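In what follows, a single structure is set out as structure tokens and then discussed.
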2 protein chains.
Amino acid sequence: MKQVEKIQSYLQSNNIDAAFITTPDNVFYFTGFRSNPHERLLGVLIYKEATPFIICPKMEIPDAAATGWSGKIVGHQDTENAWDIVVQTIQDNIGTINTLAIEKAHLTVERQEAIQERIPSIQISRIDEKINELRVIKTEDELVNMRKAAELADYAIEVGCKEIAEGKTELEILTAIELAVKDKGASQMSFDTMVLSGPKTASPHGKPGDRKIQKGDLILFDLGVIYNGYCSDITRTVAFGEPSAEKREIYETVRRAEEDAVNAVKPGVTAMALDKIARDVITEAGYGEYFTHRLGHGLGISVHEFPSITGVNEMKLETGMVFTIEPGIYHPEITGVRIEDDVVVTEDGVEVLTKFPKELIVL
Amino acid sequence: MKQVEKIQSYLQSNNIDAAFITTPDNVFYFTGFRSNPHERLLGVLIYKEATPFIICPKMEIPDAAATGWSGKIVGHQDTENAWDIVVQTIQDNIGTINTLAIEKAHLTVERQEAIQERIPSIQISRIDEKINELRVIKTEDELVNMRKAAELADYAIEVGCKEIAEGKTELEILTAIELAVKDKGASQMSFDTMVLSGPKTASPHGKPGDRKIQKGDLILFDLGVIYNGYCSDITRTVAFGEPSAEKREIYETVRRAEEDAVNAVKPGVTAMALDKIARDVITEAGYGEYFTHRLGHGLGISVHEFPSITGVNEMKLETGMVFTIEPGIYHPEITGVRIEDDVVVTEDGVEVLTKFPKELIVL
């Protein structure tokens, strides 16, 4: 409940009656209860002073209780209106509320209107930034899980390299990787695993398919693992057979960009400065136009979370932040290459969670 | 573009200048472009009369173009404000808009505010129901994909049954299933595959883990496959070793409930009548309190979509609707059992897409 108390302090300081938090990842962060409610309502209502409650589908009450959550749990059935139950519960608990903080970046217009219809005088504000501010600094307990998630991601790349062979398809390699990491204790992947070969590496968001691996291909793995609710996210690009000089040059450019950015991580450096370090390396090598995305993104319970490491984010890094560094060059005629690590900002500089080697591996 | 034209007719009839559609599944439905944009903006803007455009991350423009979409495509980069680009594009295309239909059940409060800030006079209405009305009736092209997705789901259950053996864990069986269906051409699973054994079957949303299969267990598989963008969703419960009489009674009750509901499907019957048919069978057998969820849900591009088959939905079934029928009994002291099929409403009655046998299989 320590994080819940931080929200309560915030509500007290800002004189807001309650916060209603509905992002599944944030519900997990504050309650320990992880659930994918699909279109059903899941949330945690935190009052300024009273005991908070989880609202969830009735059939999930036992799972919510099993997490050890010490607040209340209220269920709703498919035949009931969940919003009537939320408002009734508030009434039963503390009477009424006049001010409510919501996640404006998550709550839908329909849901905001459902609240406004039932409490017409309600004043609604944002809780998003406060939650980001809490979640962005990882506790040591969280880092333990993230180190393990990263270790499993390293292992997945190792498996992927071993699976590469002439004529195997991207999907065959992908499936072997997922099988192996789940056997090692990963509960699930953080996102759809990417195994791209040859020309397909030039699409930053390409989809693995039936393409067969050929000598001369670069092969790009982008994958992550969830361990105890925490995500990893790694990218490595390897060569099958000796690559052309052009491909090797692109690879080494990305590697320098990535390593220079990783080595620059320390408290006080801005996100945009990091992005610039990597981008400058790529631009100076003549590939600037082919690095078409930001340098990285925050990582934790969500695979993409705050902060965004872009060329316009002036935020200064602080100890305990975790994010990816993942420059890439996507040259449509030569190849795509991306290299990605997960890093923690430490008091002294940086801890790199993903440890798989970055020298070009030729298989 | 046929479905886009239907939205344009709707906009013309209701004198609305444009619709902005942002659910990834709906973007796929109207454009053929499937993408998971995470926090980035993805949408399709359909004007009453002008050529529609897709807005997507710049790096995804080639993927969007590759779908054969004949409208325009506008990209945004991480360093730009995507909403400025949307509003600028509208200005360049048709000047301004006064009325806009959005998906209120999907668009976040923050995004609505981003539109309102840039076009303060804008009047916003809902497009959700119109889209549901289109998507709920499947075309023959869509049904071809859904039949194939269901066939792969049947195959997955077959694989699961073959994998069951004393001492194997739920996760081992799960992984073998996913490996096998991906080898058969499934692009991915529709949702996290569920393999639950013994007492864990009593949780409708339980999570597979390291529990080892034992003689006397019932084992519940709930899984689905995506084929060409369309989902299947099947549940079967099988016995490992001769089950107790109590378990068999629960199984046969669920089977009767499921089959009675399936056999009642035809145009004109209400969703709530179907729910009642299954629920009555279970209630009369004395297990009513353990059937804690609705009878089923619509199925198509999304694994949960319109319509919801609940005890309070008065909607009449129409030819071309596709949904699941999935009664269950979750008895905490005996066992859980759920049986689920995917059905299409036909002119004459029903086509059952999932065909794996429902007689209790004892392995």
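Ordered as shown in the structure tokens, chains take letters A, B, and onward, while each chain numbers its residues from 1 and ligands are numbered from 1 in the order shown.
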
Find the residues in chain A near chain B: any atom within 7 Å counts, using only C-alpha atoms. Write them as a compact mmCIF listing (two decimals) with N, CA, C and O atoms, in the first residue's frame.
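The result, stored in iface25.txt:
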```
# COMPACT_ATOMS: atom_id res chain seq x y z
N MET A 59 -16.41 -12.45 -11.21
CA MET A 59 -15.73 -13.75 -11.27
C MET A 59 -14.23 -13.62 -10.97
O MET A 59 -13.56 -14.62 -10.73
N GLN A 77 -21.30 -7.83 -12.30
CA GLN A 77 -21.62 -8.91 -13.22
C GLN A 77 -22.00 -8.33 -14.58
O GLN A 77 -22.33 -7.16 -14.69
N ASP A 78 -21.99 -9.21 -15.59
CA ASP A 78 -22.27 -8.73 -16.95
C ASP A 78 -23.68 -8.17 -17.08
O ASP A 78 -23.95 -7.40 -18.00
N THR A 79 -24.58 -8.55 -16.17
CA THR A 79 -25.96 -8.06 -16.26
C THR A 79 -26.14 -6.75 -15.49
O THR A 79 -27.23 -6.20 -15.47
N LYS A 104 -6.40 10.66 -17.86
CA LYS A 104 -6.98 11.19 -19.10
C LYS A 104 -6.35 10.55 -20.34
O LYS A 104 -6.97 10.51 -21.40
N ALA A 105 -5.14 10.05 -20.19
CA ALA A 105 -4.49 9.40 -21.33
C ALA A 105 -4.99 7.96 -21.50
O ALA A 105 -4.59 7.27 -22.44
N HIS A 106 -5.85 7.50 -20.59
CA HIS A 106 -6.36 6.13 -20.71
C HIS A 106 -7.88 6.07 -20.72
O HIS A 106 -8.47 5.33 -21.50
N LEU A 107 -8.53 6.82 -19.82
CA LEU A 107 -9.98 6.70 -19.69
C LEU A 107 -10.65 7.16 -20.98
O LEU A 107 -10.29 8.19 -21.55
N THR A 108 -11.65 6.40 -21.42
CA THR A 108 -12.31 6.77 -22.67
C THR A 108 -13.34 7.87 -22.41
O THR A 108 -13.82 8.06 -21.29
N VAL A 109 -13.68 8.55 -23.49
CA VAL A 109 -14.70 9.60 -23.44
C VAL A 109 -16.01 9.01 -22.89
O VAL A 109 -16.66 9.61 -22.04
N GLU A 110 -16.36 7.82 -23.34
CA GLU A 110 -17.60 7.17 -22.88
C GLU A 110 -17.59 6.98 -21.37
O GLU A 110 -18.59 7.21 -20.69
N THR A 175 9.16 -19.46 -32.94
CA THR A 175 8.45 -20.40 -32.07
C THR A 175 9.43 -21.13 -31.15
O THR A 175 9.14 -21.34 -29.97
N LEU A 179 9.22 -21.05 -27.03
CA LEU A 179 9.17 -22.33 -26.31
C LEU A 179 10.27 -22.39 -25.26
O LEU A 179 10.04 -22.73 -24.10
N PRO A 204 10.99 -1.20 -39.50
CA PRO A 204 11.15 -1.19 -38.03
C PRO A 204 10.06 -1.99 -37.32
O PRO A 204 10.28 -2.49 -36.23
N THR A 292 14.56 6.42 -38.31
CA THR A 292 13.26 7.09 -38.44
C THR A 292 12.45 7.12 -37.14
O THR A 292 11.27 7.45 -37.16
N HIS A 293 13.04 6.72 -36.02
CA HIS A 293 12.25 6.72 -34.78
C HIS A 293 13.09 7.28 -33.64
O HIS A 293 14.28 7.54 -33.79
N ARG A 294 12.43 7.44 -32.49
CA ARG A 294 13.12 7.95 -31.29
C ARG A 294 14.17 6.96 -30.81
O ARG A 294 14.17 5.79 -31.21
N THR A 310 13.30 10.98 -26.71
CA THR A 310 13.19 11.60 -28.03
C THR A 310 14.08 12.83 -28.11
O THR A 310 14.58 13.31 -27.09
N GLY A 311 14.19 13.35 -29.30
CA GLY A 311 14.98 14.55 -29.55
C GLY A 311 14.36 15.83 -29.03
O GLY A 311 14.96 16.89 -29.14
N VAL A 312 13.14 15.74 -28.47
CA VAL A 312 12.50 16.96 -27.96
C VAL A 312 12.16 16.87 -26.47
O VAL A 312 11.50 17.74 -25.93
```

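Residues of stretch 23-128 of chain B that DSSP, applied to the backbone, places in strand (DSSP E): Gly43, Val44, Leu45, Ile46, Tyr47, Phe53, Ile54, Ile55, Cys56, Pro57, Lys72, Ile73, Val74, Gly75, His76, Thr99, Leu100, Ala101, Ile102, Gln123, Ile124, Ser125 and Arg126 of chain B.
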
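With atom CA of B:Glu49 on one side and atom CA of B:Val86 on the other, the separation reads 17.2 Å.
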
* Long-range neighbours of A:Ile226 as a list in words, 10 Å cut-off, only C-alpha atoms, 4 positions minimum in chain -> Asn145, Met146, Lys148, Ala149, Ala150, Leu152, Ala153, Lys182, Gly185, Ala186, Ser187, Gln188, Met189, Ser190, Phe191, Tyr230, Cys231, Ser232, Asp233, Gly300, Ile301, Ser302 and Val303 of chain A

Kindly save the residues from that selection, with C-alpha atoms included, as a PDB file, in the first residue's frame.
```
ATOM      1  CA  ASN A 145      12.373  -8.558 -11.504  1.00  0.00           C
ATOM      2  CA  MET A 146      13.681  -6.480 -14.399  1.00  0.00           C
ATOM      3  CA  LYS A 148      15.606 -11.438 -14.343  1.00  0.00           C
ATOM      4  CA  ALA A 149      13.406 -10.410 -17.293  1.00  0.00           C
ATOM      5  CA  ALA A 150      16.510  -9.087 -19.078  1.00  0.00           C
ATOM      6  CA  LEU A 152      15.633 -14.263 -19.984  1.00  0.00           C
ATOM      7  CA  ALA A 153      15.746 -11.914 -22.990  1.00  0.00           C
ATOM      8  CA  LYS A 182       8.706 -20.230 -21.354  1.00  0.00           C
ATOM      9  CA  GLY A 185      10.054 -19.632 -16.331  1.00  0.00           C
ATOM     10  CA  ALA A 186       8.926 -16.599 -18.348  1.00  0.00           C
ATOM     11  CA  SER A 187       5.190 -16.159 -17.934  1.00  0.00           C
ATOM     12  CA  GLN A 188       4.802 -14.568 -21.351  1.00  0.00           C
ATOM     13  CA  MET A 189       6.491 -12.387 -23.941  1.00  0.00           C
ATOM     14  CA  SER A 190       6.288  -8.591 -23.494  1.00  0.00           C
ATOM     15  CA  PHE A 191       5.058  -8.158 -27.096  1.00  0.00           C
ATOM     16  CA  TYR A 230       8.015  -6.726 -15.403  1.00  0.00           C
ATOM     17  CA  CYS A 231       9.134  -6.458 -19.016  1.00  0.00           C
ATOM     18  CA  SER A 232      12.398  -6.678 -20.852  1.00  0.00           C
ATOM     19  CA  ASP A 233      12.959  -5.594 -24.458  1.00  0.00           C
ATOM     20  CA  GLY A 300       8.799  -1.551 -16.506  1.00  0.00           C
ATOM     21  CA  ILE A 301       5.329  -2.996 -15.964  1.00  0.00           C
ATOM     22  CA  SER A 302       4.519  -1.721 -19.449  1.00  0.00           C
ATOM     23  CA  VAL A 303       6.740  -2.429 -22.407  1.00  0.00           C
TER      24      VAL A 303
END
```

* To do: Pick out the residues sitting within 12 Å of A:Ala285, and hand them over as number ranges by chain; count only C-alpha atoms, and ignore anything fewer than 4 positions along from it in its own chain.
  => A: 246, 249-254, 256-257, 278-281, 289-291, 329

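Atom CA of B:Ile234 sits 10.7 Å away from atom CA of B:Tyr155.
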